[in-house]
$ cat structure18.txt   # compact mmCIF, C-alpha atoms and all ligand atoms
# COMPACT_ATOMS: atom_id res chain seq x y z
CA MET A 8 -4.53 -3.98 -51.98
CA THR A 9 -3.77 -1.70 -49.07
CA LYS A 10 -6.17 1.13 -48.22
CA HIS A 11 -4.22 4.21 -47.10
CA ILE A 12 -5.85 6.54 -44.57
CA THR A 13 -4.46 9.92 -43.60
CA ILE A 14 -5.10 10.92 -40.01
CA GLY A 15 -4.51 13.95 -37.82
CA PHE A 16 -3.94 14.08 -34.06
CA LEU A 17 -5.40 16.65 -31.73
CA GLY A 18 -2.88 16.51 -28.90
CA CYS A 19 0.16 14.31 -28.34
CA GLY A 20 0.49 13.60 -24.63
CA ASN A 21 0.79 10.22 -22.98
CA VAL A 22 -2.04 8.54 -24.90
CA GLY A 23 -1.18 10.26 -28.21
CA SER A 24 2.38 8.97 -27.92
CA GLY A 25 0.97 5.51 -27.16
CA VAL A 26 -1.10 5.58 -30.35
CA TRP A 27 1.93 6.76 -32.33
CA ARG A 28 4.01 3.89 -30.94
CA LEU A 29 1.28 1.30 -31.47
CA LEU A 30 0.78 2.35 -35.10
CA GLU A 31 4.54 2.33 -35.62
CA GLY A 32 5.13 -1.05 -34.02
CA PHE A 33 1.94 -2.82 -35.09
CA GLY A 34 1.26 -1.05 -38.42
CA ASP A 35 2.68 -3.89 -40.54
CA ASP A 36 0.51 -6.42 -38.74
CA ILE A 37 -2.60 -4.28 -39.30
CA GLU A 38 -1.74 -3.87 -42.97
CA HIS A 39 -1.07 -7.57 -43.42
CA ARG A 40 -4.25 -8.61 -41.62
CA ALA A 41 -6.72 -5.86 -42.49
CA GLY A 42 -5.22 -4.22 -45.58
CA LEU A 43 -5.12 -0.84 -43.85
CA ARG A 44 -2.27 1.62 -43.39
CA PHE A 45 -2.64 4.78 -41.30
CA HIS A 46 -0.46 7.81 -42.02
CA ILE A 47 -0.25 10.57 -39.41
CA LYS A 48 0.00 13.82 -41.33
CA LYS A 49 -0.44 16.51 -38.67
CA VAL A 50 -0.23 16.62 -34.89
CA LEU A 51 -1.75 19.62 -33.10
CA VAL A 52 0.26 20.56 -30.00
CA ARG A 53 0.72 23.65 -27.86
CA ASP A 54 4.51 23.44 -27.84
CA PRO A 55 6.24 21.66 -30.76
CA SER A 56 9.64 22.04 -29.06
CA LYS A 57 8.60 19.97 -26.03
CA GLN A 58 10.62 16.78 -25.48
CA ARG A 59 8.53 13.70 -26.40
CA ASP A 60 9.30 9.99 -26.24
CA VAL A 61 8.18 9.41 -29.86
CA ALA A 62 10.02 10.54 -32.97
CA VAL A 63 7.36 12.71 -34.58
CA PRO A 64 8.97 14.51 -37.55
CA PRO A 65 9.14 18.25 -36.75
CA GLU A 66 7.17 19.16 -39.89
CA ALA A 67 4.18 17.09 -38.63
CA PHE A 68 3.69 19.38 -35.62
CA THR A 69 1.36 22.31 -35.88
CA THR A 70 -0.09 24.80 -33.44
CA ASP A 71 -2.93 25.71 -35.81
CA PRO A 72 -6.06 23.51 -35.40
CA ALA A 73 -7.08 24.30 -39.01
CA ASP A 74 -4.10 22.24 -40.23
CA VAL A 75 -5.87 19.17 -38.85
CA LEU A 76 -9.55 20.13 -38.95
CA ASP A 77 -9.73 21.73 -42.38
CA ASP A 78 -7.14 19.75 -44.38
CA PRO A 79 -9.07 17.79 -47.05
CA ASP A 80 -6.37 15.07 -47.06
CA ILE A 81 -7.07 14.18 -43.43
CA GLU A 82 -9.90 11.65 -43.24
CA PHE A 83 -9.78 10.69 -39.56
CA VAL A 84 -9.20 12.97 -36.58
CA VAL A 85 -8.00 11.37 -33.35
CA GLU A 86 -8.50 13.48 -30.23
CA PHE A 87 -6.54 13.29 -26.97
CA LEU A 88 -6.95 16.82 -25.65
CA GLY A 89 -9.39 15.89 -22.88
CA GLY A 90 -11.79 18.31 -21.19
CA GLU A 91 -14.82 20.00 -22.66
CA GLN A 92 -13.22 22.88 -24.55
CA PRO A 93 -11.68 23.48 -27.00
CA ALA A 94 -12.06 19.74 -27.69
CA TYR A 95 -15.82 19.91 -28.31
CA ASP A 96 -15.52 22.77 -30.82
CA TYR A 97 -12.73 20.95 -32.67
CA LEU A 98 -14.62 17.65 -32.78
CA LEU A 99 -17.75 19.33 -34.07
CA ARG A 100 -15.80 21.16 -36.75
CA ALA A 101 -14.06 17.95 -37.84
CA LEU A 102 -17.39 16.10 -38.09
CA LYS A 103 -19.03 18.94 -39.99
CA ASN A 104 -16.10 18.75 -42.39
CA GLY A 105 -16.96 15.07 -42.93
CA LYS A 106 -14.00 13.72 -40.99
CA THR A 107 -14.45 10.61 -38.87
CA VAL A 108 -13.63 11.27 -35.23
CA ILE A 109 -12.02 8.88 -32.78
CA THR A 110 -11.97 10.27 -29.27
CA ALA A 111 -10.79 9.28 -25.81
CA ASN A 112 -12.53 12.30 -24.31
CA LYS A 113 -15.38 11.25 -22.03
CA VAL A 114 -16.09 14.80 -20.86
CA ALA A 115 -16.69 16.44 -24.26
CA PHE A 116 -18.39 13.29 -25.47
CA ALA A 117 -20.72 12.77 -22.49
CA LEU A 118 -21.71 16.45 -22.41
CA HIS A 119 -22.25 16.86 -26.16
CA TRP A 120 -23.07 13.41 -27.50
CA HIS A 121 -26.31 14.60 -29.15
CA GLU A 122 -24.68 17.44 -31.06
CA LEU A 123 -21.66 15.39 -32.08
CA GLN A 124 -23.80 12.50 -33.27
CA ARG A 125 -26.14 14.83 -35.16
CA ALA A 126 -23.17 16.40 -36.98
CA ALA A 127 -21.68 12.96 -37.72
CA LYS A 128 -24.95 11.66 -39.18
CA ALA A 129 -25.42 14.81 -41.27
CA SER A 130 -22.02 14.49 -42.91
CA GLY A 131 -21.90 10.68 -42.93
CA ALA A 132 -18.77 10.72 -40.77
CA GLY A 133 -18.05 8.13 -38.09
CA LEU A 134 -17.93 8.83 -34.36
CA TYR A 135 -15.95 6.31 -32.29
CA TYR A 136 -15.34 6.53 -28.53
CA GLU A 137 -14.29 3.13 -27.16
CA ALA A 138 -11.33 4.74 -25.36
CA ALA A 139 -13.56 7.23 -23.54
CA VAL A 140 -14.75 4.59 -21.04
CA CYS A 141 -12.48 2.12 -19.24
CA GLY A 142 -9.47 2.40 -21.57
CA ALA A 143 -8.66 -0.98 -23.08
CA ILE A 144 -11.85 -2.76 -21.95
CA PRO A 145 -14.12 -3.22 -25.01
CA ILE A 146 -17.26 -2.25 -23.11
CA ILE A 147 -18.59 0.27 -25.65
CA HIS A 148 -18.40 -2.15 -28.54
CA SER A 149 -19.93 -4.88 -26.37
CA LEU A 150 -22.89 -2.71 -25.40
CA GLU A 151 -23.37 -1.31 -28.91
CA GLU A 152 -23.12 -4.63 -30.68
CA SER A 153 -22.38 -7.86 -28.86
CA LEU A 154 -25.07 -7.47 -26.16
CA GLN A 155 -27.89 -6.13 -28.34
CA ALA A 156 -30.08 -9.17 -27.65
CA ASN A 157 -30.35 -8.28 -23.98
CA TYR A 158 -32.56 -6.27 -21.70
CA ILE A 159 -29.78 -4.98 -19.43
CA ASP A 160 -31.12 -4.02 -16.05
CA LYS A 161 -27.99 -3.52 -13.96
CA ILE A 162 -24.49 -2.19 -14.38
CA TYR A 163 -21.94 -1.94 -11.60
CA GLY A 164 -18.69 -0.36 -12.68
CA ILE A 165 -15.32 0.32 -11.13
CA VAL A 166 -14.56 2.83 -13.84
CA ASN A 167 -11.94 5.03 -12.22
CA GLY A 168 -8.50 3.57 -11.64
CA THR A 169 -7.20 6.38 -9.45
CA THR A 170 -9.89 5.98 -6.81
CA ASN A 171 -9.72 2.19 -6.99
CA TYR A 172 -5.98 2.39 -6.34
CA ILE A 173 -6.55 4.67 -3.33
CA LEU A 174 -9.34 2.53 -1.85
CA THR A 175 -7.34 -0.68 -2.41
CA ARG A 176 -4.35 0.76 -0.54
CA MET A 177 -6.56 2.02 2.28
CA SER A 178 -8.24 -1.40 2.53
CA LYS A 179 -5.04 -3.46 2.44
CA ASN A 180 -2.89 -1.35 4.75
CA GLY A 181 -5.38 0.69 6.75
CA GLU A 182 -3.64 3.87 5.56
CA PRO A 183 -5.41 7.22 5.73
CA TYR A 184 -6.88 8.80 2.57
CA ALA A 185 -4.60 11.87 2.48
CA LYS A 186 -1.42 9.79 2.73
CA VAL A 187 -2.46 7.37 -0.02
CA LEU A 188 -3.55 10.21 -2.31
CA GLU A 189 -0.17 11.89 -1.87
CA GLU A 190 1.60 8.63 -2.69
CA ALA A 191 -0.63 8.09 -5.77
CA GLN A 192 0.26 11.60 -6.96
CA ARG A 193 3.96 10.90 -6.46
CA LEU A 194 3.65 7.70 -8.54
CA GLY A 195 1.74 9.53 -11.29
CA LEU A 196 -1.41 7.47 -10.57
CA ALA A 197 -3.33 10.57 -9.50
CA GLU A 198 -3.32 13.97 -11.18
CA PRO A 199 -1.72 16.96 -9.42
CA ASP A 200 -5.32 18.25 -9.25
CA PRO A 201 -7.15 15.04 -8.38
CA ALA A 202 -10.64 16.59 -8.08
CA ALA A 203 -12.23 15.02 -11.19
CA ASP A 204 -11.22 11.54 -10.04
CA VAL A 205 -11.66 11.69 -6.26
CA GLU A 206 -14.91 13.64 -6.42
CA GLY A 207 -16.43 10.98 -8.67
CA LEU A 208 -16.96 13.22 -11.74
CA ASP A 209 -14.80 11.11 -14.06
CA ALA A 210 -16.83 8.03 -13.10
CA ALA A 211 -20.11 9.93 -13.60
CA TYR A 212 -19.20 10.95 -17.17
CA LYS A 213 -18.38 7.34 -17.94
CA LEU A 214 -21.56 6.04 -16.28
CA SER A 215 -23.74 8.40 -18.30
CA ILE A 216 -22.24 6.92 -21.49
CA LEU A 217 -22.58 3.30 -20.32
CA ALA A 218 -26.15 3.74 -19.04
CA SER A 219 -27.26 5.48 -22.24
CA LEU A 220 -25.98 2.61 -24.35
CA ALA A 221 -27.23 -0.15 -22.07
CA PHE A 222 -30.70 1.34 -21.59
CA HIS A 223 -31.12 2.73 -25.14
CA GLY A 224 -32.07 6.10 -23.73
CA ARG A 225 -29.98 9.16 -23.11
CA VAL A 226 -28.88 9.44 -19.50
CA THR A 227 -27.07 12.73 -19.08
CA PHE A 228 -24.18 13.56 -16.79
CA GLU A 229 -26.58 15.75 -14.77
CA ASP A 230 -28.84 12.71 -14.24
CA VAL A 231 -26.10 10.95 -12.28
CA TYR A 232 -25.99 11.37 -8.49
CA VAL A 233 -22.32 11.83 -7.57
CA GLU A 234 -20.41 11.44 -4.33
CA GLY A 235 -16.64 10.97 -4.34
CA ILE A 236 -14.19 9.34 -1.92
CA THR A 237 -12.80 12.46 -0.23
CA HIS A 238 -14.63 11.69 3.03
CA VAL A 239 -13.81 8.00 3.10
CA ASN A 240 -12.33 6.96 6.38
CA ALA A 241 -10.02 4.02 7.16
CA GLU A 242 -12.17 3.18 10.19
CA ASP A 243 -15.25 2.60 8.02
CA ILE A 244 -13.24 0.42 5.66
CA ARG A 245 -12.11 -1.67 8.65
CA CYS A 246 -15.60 -1.91 10.20
CA GLY A 247 -16.97 -2.92 6.78
CA GLN A 248 -14.30 -5.61 6.41
CA GLU A 249 -15.30 -7.07 9.79
CA LEU A 250 -18.87 -7.31 8.48
CA GLY A 251 -17.76 -9.00 5.24
CA TYR A 252 -17.77 -5.92 2.98
CA THR A 253 -15.20 -4.22 0.75
CA LEU A 254 -15.44 -0.53 -0.10
CA LYS A 255 -15.43 0.49 -3.77
CA LEU A 256 -16.32 3.64 -5.67
CA LEU A 257 -19.12 2.09 -7.70
CA ALA A 258 -20.83 3.53 -10.74
CA ILE A 259 -24.29 2.02 -10.52
CA ALA A 260 -27.01 2.06 -13.17
CA LYS A 261 -30.28 0.17 -12.79
CA ARG A 262 -33.50 0.19 -14.69
CA ASP A 263 -36.97 -1.09 -14.10
CA GLY A 264 -39.03 -0.39 -17.21
CA LEU A 265 -38.61 3.31 -17.83
CA ARG A 266 -37.43 4.03 -14.29
CA VAL A 267 -33.70 4.50 -14.23
CA GLU A 268 -31.30 5.20 -11.37
CA THR A 269 -27.72 6.24 -11.95
CA ARG A 270 -25.35 6.99 -9.12
CA VAL A 271 -21.66 7.10 -8.27
CA HIS A 272 -20.69 6.84 -4.62
CA PRO A 273 -18.55 4.83 -2.20
CA THR A 274 -20.33 1.49 -1.83
CA PHE A 275 -19.85 -1.58 0.31
CA VAL A 276 -19.94 -4.75 -1.80
CA ARG A 277 -19.79 -8.25 -0.38
CA SER A 278 -16.14 -9.26 -0.05
CA ASP A 279 -16.82 -12.46 -2.00
CA HIS A 280 -18.28 -10.53 -4.95
CA PRO A 281 -16.01 -10.49 -8.04
CA LEU A 282 -15.90 -6.66 -7.92
CA ALA A 283 -14.40 -6.74 -4.42
CA ASN A 284 -11.26 -8.34 -5.85
CA VAL A 285 -10.69 -5.74 -8.56
CA SER A 286 -7.56 -4.18 -7.10
CA GLY A 287 -5.26 -1.27 -7.71
CA SER A 288 -5.80 0.79 -10.82
CA PHE A 289 -7.76 -1.92 -12.65
CA ASN A 290 -11.26 -1.16 -13.98
CA ALA A 291 -14.20 -3.55 -14.18
CA VAL A 292 -17.77 -3.52 -15.40
CA TYR A 293 -20.22 -6.08 -14.03
CA LEU A 294 -23.62 -6.21 -15.68
CA HIS A 295 -26.73 -8.30 -15.88
CA GLY A 296 -28.77 -8.90 -19.01
CA HIS A 297 -31.89 -11.04 -19.23
CA ALA A 298 -30.26 -13.41 -21.72
CA CYS A 299 -26.52 -13.16 -21.08
CA LYS A 300 -27.07 -13.18 -17.27
CA GLU A 301 -24.13 -11.94 -15.18
CA MET A 302 -21.01 -10.82 -16.97
CA MET A 303 -17.85 -9.07 -15.88
CA PHE A 304 -15.24 -7.20 -17.91
CA LEU A 305 -11.87 -6.56 -16.28
CA GLY A 306 -8.85 -4.69 -17.55
CA ARG A 307 -6.78 -1.55 -17.63
CA GLY A 308 -8.79 1.63 -17.72
CA ALA A 309 -5.97 4.08 -18.39
CA GLY A 310 -2.37 4.34 -19.50
CA ASP A 311 -0.73 4.99 -22.86
CA LEU A 312 -0.80 1.58 -24.55
CA PRO A 313 -4.05 0.27 -22.98
CA THR A 314 -5.90 3.40 -24.16
CA ALA A 315 -4.09 3.27 -27.51
CA SER A 316 -5.33 -0.33 -27.87
CA ALA A 317 -8.92 0.96 -27.89
CA ILE A 318 -8.13 3.89 -30.18
CA VAL A 319 -6.26 1.88 -32.80
CA SER A 320 -9.00 -0.76 -32.77
CA ASP A 321 -11.51 2.06 -33.39
CA LEU A 322 -9.34 3.33 -36.25
CA GLU A 323 -9.43 -0.10 -37.80
CA ARG A 324 -13.16 -0.51 -37.23
CA ALA A 325 -13.87 2.92 -38.72
CA ALA A 326 -11.67 2.29 -41.74
CA SER A 327 -13.30 -1.09 -42.41
CA ALA A 328 -16.91 0.07 -41.99
CA CYS A 329 -19.02 0.12 -45.16
CA GLN A 330 -21.33 2.52 -43.36
CA HIS A 331 -20.79 4.09 -39.94
CA GLN A 332 -23.30 3.05 -37.26
CA TYR A 333 -24.78 5.32 -34.59
CA PRO A 334 -26.59 4.19 -31.45
CA THR A 335 -30.29 5.04 -31.25
CA PHE A 336 -32.02 6.30 -28.14
CA GLN A 337 -35.70 5.75 -27.51
CA ASN A 338 -36.11 9.06 -25.76
CA GLU A 339 -34.76 10.85 -28.83
CA ILE A 340 -36.95 9.16 -31.44
CA ASN A 341 -40.09 9.44 -29.38
CA PRO A 342 -40.00 12.09 -26.66
CA LYS A 343 -43.04 10.43 -25.06
CA VAL A 344 -40.79 7.54 -24.11
CA ALA A 345 -39.18 9.58 -21.39
CA LEU A 346 -36.91 7.82 -18.96
CA GLN A 347 -37.82 8.67 -15.40
CA GLN A 348 -34.92 9.33 -13.09
CA ASN A 349 -35.42 7.54 -9.81
CA LYS A 350 -33.64 9.52 -7.09
CA ASP A 351 -35.22 7.51 -4.27
CA TRP A 352 -33.42 4.23 -4.76
CA GLN A 353 -33.54 1.37 -2.29
CA CYS A 354 -30.51 -0.24 -0.71
CA PRO A 355 -29.21 -1.36 2.65
CA PHE A 356 -27.16 1.26 4.53
CA TYR A 357 -24.13 1.15 6.80
CA ILE A 358 -24.20 3.86 9.43
CA ARG A 359 -21.48 4.65 11.95
CA MET A 360 -22.25 6.96 14.82
CA LEU A 361 -20.82 8.08 18.11
CA ALA A 362 -23.46 7.49 20.73
CA ALA A 363 -23.76 8.36 24.40
CA ASP A 364 -23.06 5.23 26.45
CA GLU A 365 -26.17 5.34 28.62
CA PRO A 366 -29.53 3.58 28.99
CA GLY A 367 -32.14 4.24 26.30
CA VAL A 368 -29.71 5.37 23.60
CA LEU A 369 -30.24 2.32 21.40
CA SER A 370 -33.99 2.64 21.63
CA SER A 371 -33.84 6.39 20.69
CA VAL A 372 -31.72 5.55 17.67
CA ALA A 373 -34.00 2.65 16.73
CA LYS A 374 -37.04 4.92 17.03
CA CYS A 375 -35.63 7.45 14.53
CA PHE A 376 -35.17 4.59 12.08
CA ALA A 377 -38.52 2.94 12.82
CA ASP A 378 -40.38 6.25 12.40
CA GLU A 379 -39.16 6.29 8.80
CA ASN A 380 -39.89 2.61 8.23
CA VAL A 381 -36.17 1.80 8.10
CA SER A 382 -35.61 -1.68 9.45
CA ILE A 383 -32.35 -2.46 11.28
CA ALA A 384 -30.59 -5.70 10.29
CA ALA A 385 -27.68 -5.56 12.76
CA VAL A 386 -26.15 -3.28 15.40
CA GLN A 387 -22.63 -3.48 16.78
CA GLN A 388 -21.03 -1.54 19.56
CA LYS A 389 -17.32 -1.15 18.77
CA GLY A 390 -14.37 -0.56 21.09
CA GLU A 391 -14.25 1.11 24.46
CA CYS A 392 -16.24 4.08 25.68
CA GLN A 393 -14.29 7.33 25.20
CA ASP A 394 -15.43 10.65 26.66
CA GLY A 395 -18.80 9.01 27.44
CA ARG A 396 -19.30 7.95 23.80
CA VAL A 397 -19.08 4.65 21.99
CA THR A 398 -19.01 3.77 18.33
CA LEU A 399 -22.21 2.18 17.07
CA VAL A 400 -22.41 0.57 13.65
CA VAL A 401 -25.84 -0.11 12.20
CA ILE A 402 -26.64 -2.08 9.06
CA THR A 403 -30.16 -1.65 7.77
CA HIS A 404 -32.30 -3.82 5.58
CA GLN A 405 -33.22 -2.45 2.17
CA ALA A 406 -34.43 1.11 2.76
CA SER A 407 -35.38 4.14 0.74
CA GLU A 408 -32.65 6.75 0.32
CA LYS A 409 -34.98 9.59 1.24
CA ALA A 410 -36.37 7.80 4.31
CA MET A 411 -32.81 7.04 5.43
CA GLN A 412 -31.79 10.68 5.08
CA ARG A 413 -34.85 11.74 7.13
CA ALA A 414 -34.04 9.17 9.81
CA ILE A 415 -30.46 10.45 10.07
CA ALA A 416 -31.64 14.07 10.25
CA ALA A 417 -33.92 13.14 13.14
CA LEU A 418 -31.08 11.74 15.28
CA ASP A 419 -30.59 13.92 18.31
CA ARG A 420 -26.92 14.91 18.24
CA HIS A 421 -26.76 14.74 22.04
CA VAL A 422 -27.73 11.09 21.86
CA ALA A 423 -25.91 9.94 18.71
CA LYS A 424 -23.71 11.89 16.31
CA LEU A 425 -23.56 10.59 12.75
CA GLU A 426 -19.98 9.87 11.63
CA SER A 427 -20.62 8.23 8.26
CA ILE A 428 -23.23 6.68 6.05
CA ILE A 429 -22.31 4.28 3.25
CA ARG A 430 -24.66 2.55 0.83
CA VAL A 431 -24.45 -1.21 0.46
CA GLU A 432 -25.07 -3.38 -2.62
CA GLN A 433 -26.01 -6.95 -1.72
CA GLU A 434 -25.79 -8.32 -5.32
N1 LIG B 501 -8.36 9.35 -14.54
C1 LIG B 501 -8.98 8.16 -15.02
C2 LIG B 501 -8.83 7.06 -13.99
C3 LIG B 501 -8.40 7.65 -16.30
O1 LIG B 501 -8.20 7.24 -12.95
O2 LIG B 501 -9.35 5.99 -14.23
C4 LIG B 501 -8.97 8.33 -17.49
O3 LIG B 501 -10.35 8.24 -17.54

$ encode --input "structure18.txt" --output "structure tokens" --more "lines below"
Ligand code: HSE
Amino acid sequence: MTKHITIGFLGCGNVGSGVWRLLEGFGDDIEHRAGLRFHIKKVLVRDPSKQRDVAVPPEAFTTDPADVLDDPDIEFVVEFLGGEQPAYDYLLRALKNGKTVITANKVAFALHWHELQRAAKASGAGLYYEAAVCGAIPIIHSLEESLQANYIDKIYGIVNGTTNYILTRMSKNGEPYAKVLEEAQRLGLAEPDPAADVEGLDAAYKLSILASLAFHGRVTFEDVYVEGITHVNAEDIRCGQELGYTLKLLAIAKRDGLRVETRVHPTFVRSDHPLANVSGSFNAVYLHGHACKEMMFLGRGAGDLPTASAIVSDLERAASACQHQYPTFQNEINPKVALQQNKDWQCPFYIRMLAADEPGVLSSVAKCFADENVSIAAVQQKGECQDGRVTLVVITHQASEKAMQRAIAALDRHVAKLESIIRVEQE
């Protein structure tokens, strides 16, 4: 016998239309296989008259959130509004009204996970968010369920397709950042206001969710160190390639006991590492667990149908659940089990500088590094001397972030001017 579930949409943009189409085209299959049929009763939009590529009946549109959030017929609320507000208020109200929420909104979710989960538990409603991180890739479900038997100590994610597209183009064609960004905007691969993507914030929201699940302790958005790709330079990408590295915007989470480091920044990875070959707008998550060992997930992190794939799977999971499950976090149950944020991580560094081409320069540079116990692994002088200066590229051994920053600050600008510093992962 088919179970009928009435749902409401908050928003109906690209992803909302994808979910509509997927339910329309795949609904019979879901009913046949799982005995479930979803009926979309109301769709909250700003402008019902706007042209859409799905045939939503006009009477389903509403501009009043109460028609979705307070209608007792609606059991599941699916949210595509994005951003913190008003999405967070709507989600909270839906959960308090006992409605199960399925959201693709990493911002509202990452910032208010505690409150949303508390409201869900109190009313017995479900809270599902597979689509909030890496679109179609089932990384949330994997961390929540399939990888429970693991102590996960490392996650490396390429979790933002826009920046991966830009860095891939810069790496393949040596094109400058501004030109590639403009092209990505023209193709609809970057937003007209690209800040959240290119400044690394989108990746940081996603990393806080992944790290919290993997480490069983809440890692907040504020805990994540964030640096975007706006200063990335084609010359560094080329120098890195010559040294056997590929540049990626990596979302990195590591733990050692209760010490946790979470950071998003441009990172050189070895060009033979599987992450180096994740091209264009693809996403990937590479992790290590003590039992599963290394594992990599690869797939589409955005787009209408890929994101709808995660949402409709969540709908099915929620509708089939006898009892909704919620992740537990050690630092919530027992505040004494506090995770310690390690802001002084260790990694090798790539440093490019313009140095005076005269005797003693190398030893002055080396002294700044040595004074901070930063050991140099390799030095290269690149190209010809111009205006009395040459390009020097230094790769260090594993060094402390803080020591490296002190060493850089100590460089005498007359001797060597820092052009760029990029962290390296040797995994
Ligand atoms: N803007 C994101 C990206 C997709 O470029 O990956 C949604 O999270």

$ closest_residue --input "structure18.txt" --among "A:Lys255, A:His238, A:Lys113, A:His280" --to "Thr169 of chain A" --atoms "only C-alpha atoms"
A:Lys255

$ atom_distance --input "structure18.txt" --atom1 "atom CA of Met411 of chain A" --atom2 "atom CA of Met177 of chain A"
26.9 Å

$ residues_around --input "structure18.txt" --residues "Ala129 of chain A" --least-positions-apart "3" --cutoff "9 Å" --atoms "only C-alpha atoms" --output "list in words"
Leu102, Lys103, Gly105, Gln124, Arg125, Ala126 and Ala132 of chain A

$ atom_distance --input "structure18.txt" --atom1 "atom CA of Ile318 of chain A" --atom2 "atom CA of Asn290 of chain A"
17.3 Å

$ closest_residue --input "structure18.txt" --among "A:Lys213, A:Lys161, A:Arg28, A:Arg176" --to "ligand LIG 501 (chain B)" --atoms "only C-alpha atoms and all ligand atoms"
A:Lys213

$ closest_residue --input "structure18.txt" --among "A:Leu312, A:Cys19, A:Leu425, A:Val400" --to "Gln412 of chain A" --atoms "only C-alpha atoms"
A:Leu425

$ closest_residue --input "structure18.txt" --among "A:Lys374, A:Leu17, A:Ala362, A:Cys141" --to "Asp394 of chain A" --atoms "all atoms listed in the file"
A:Ala362

$ residues_around --input "structure18.txt" --residues "Val233 of chain A" --least-positions-apart "3" --cutoff "7 Å" --atoms "all atoms listed in the file" --output "VMD selection string"
chain A and resid 207 to 208 211 270 to 272

$ residues_around --input "structure18.txt" --residues "Val319 of chain A" --least-positions-apart "3" --cutoff "10 Å" --atoms "all atoms listed in the file" --output "PDB file with C-alpha atoms, in the frame of the given file"
ATOM      1  CA  GLY A  25       0.970   5.510 -27.160  1.00  0.00           C
ATOM      2  CA  VAL A  26      -1.100   5.580 -30.350  1.00  0.00           C
ATOM      3  CA  TRP A  27       1.930   6.760 -32.330  1.00  0.00           C
ATOM      4  CA  LEU A  29       1.280   1.300 -31.470  1.00  0.00           C
ATOM      5  CA  LEU A  30       0.780   2.350 -35.100  1.00  0.00           C
ATOM      6  CA  PHE A  33       1.940  -2.820 -35.090  1.00  0.00           C
ATOM      7  CA  GLY A  34       1.260  -1.050 -38.420  1.00  0.00           C
ATOM      8  CA  ILE A  37      -2.600  -4.280 -39.300  1.00  0.00           C
ATOM      9  CA  PHE A  45      -2.640   4.780 -41.300  1.00  0.00           C
ATOM     10  CA  VAL A  85      -8.000  11.370 -33.350  1.00  0.00           C
ATOM     11  CA  ILE A 109     -12.020   8.880 -32.780  1.00  0.00           C
ATOM     12  CA  GLU A 137     -14.290   3.130 -27.160  1.00  0.00           C
ATOM     13  CA  ALA A 138     -11.330   4.740 -25.360  1.00  0.00           C
ATOM     14  CA  LEU A 312      -0.800   1.580 -24.550  1.00  0.00           C
ATOM     15  CA  THR A 314      -5.900   3.400 -24.160  1.00  0.00           C
ATOM     16  CA  ALA A 315      -4.090   3.270 -27.510  1.00  0.00           C
ATOM     17  CA  SER A 316      -5.330  -0.330 -27.870  1.00  0.00           C
ATOM     18  CA  LEU A 322      -9.340   3.330 -36.250  1.00  0.00           C
ATOM     19  CA  GLU A 323      -9.430  -0.100 -37.800  1.00  0.00           C
ATOM     20  CA  ARG A 324     -13.160  -0.510 -37.230  1.00  0.00           C
ATOM     21  CA  ALA A 325     -13.870   2.920 -38.720  1.00  0.00           C
TER      22      ALA A 325
END

$ closest_residue --input "structure18.txt" --among "A:Ser130, A:Asn157, A:Asn180, A:Asn21" --to "His331 of chain A" --atoms "only C-alpha atoms"
A:Ser130

$ residues_near_point --input "structure18.txt" --point "(-18.8, 4.4, -1.7)" --cutoff "12 Å" --atoms "all atoms listed in the file" --output "PyMOL selection string"
chain A and resi 164-165+170-171+174+205-207+233-240+243-244+247+252-259+270-276+356-357+427-432

$ residues_near_point --input "structure18.txt" --point "(-26.4, 15.1, -31.7)" --cutoff "12 Å" --atoms "only C-alpha atoms" --output "NGL selection string"
:A and (99 or 102-103 or 116-129 or 134 or 225 or 333-336 or 339)

$ build_atoms --input "structure18.txt" --residues "segment 121-126 of chain A" --atoms "N, CA, C and O atoms" --output "JSON list (two decimals), keeping the file's coordinate frame"
[["chain", "number", "residue", "atom", "x", "y", "z"],
["A", 121, "HIS", "N", -25.25, 14.29, -28.18],
["A", 121, "HIS", "CA", -26.31, 14.60, -29.15],
["A", 121, "HIS", "C", -25.78, 15.39, -30.34],
["A", 121, "HIS", "O", -25.98, 15.03, -31.49],
["A", 122, "GLU", "N", -25.13, 16.51, -30.01],
["A", 122, "GLU", "CA", -24.68, 17.44, -31.06],
["A", 122, "GLU", "C", -23.63, 16.77, -31.94],
["A", 122, "GLU", "O", -23.63, 16.93, -33.16],
["A", 123, "LEU", "N", -22.72, 16.04, -31.31],
["A", 123, "LEU", "CA", -21.66, 15.39, -32.08],
["A", 123, "LEU", "C", -22.26, 14.33, -33.01],
["A", 123, "LEU", "O", -21.92, 14.23, -34.18],
["A", 124, "GLN", "N", -23.20, 13.56, -32.46],
["A", 124, "GLN", "CA", -23.80, 12.50, -33.27],
["A", 124, "GLN", "C", -24.63, 13.09, -34.42],
["A", 124, "GLN", "O", -24.63, 12.57, -35.53],
["A", 125, "ARG", "N", -25.34, 14.19, -34.12],
["A", 125, "ARG", "CA", -26.14, 14.83, -35.16],
["A", 125, "ARG", "C", -25.22, 15.29, -36.31],
["A", 125, "ARG", "O", -25.51, 15.07, -37.48],
["A", 126, "ALA", "N", -24.10, 15.91, -35.96],
["A", 126, "ALA", "CA", -23.17, 16.40, -36.98],
["A", 126, "ALA", "C", -22.58, 15.23, -37.76],
["A", 126, "ALA", "O", -22.42, 15.30, -38.99]]
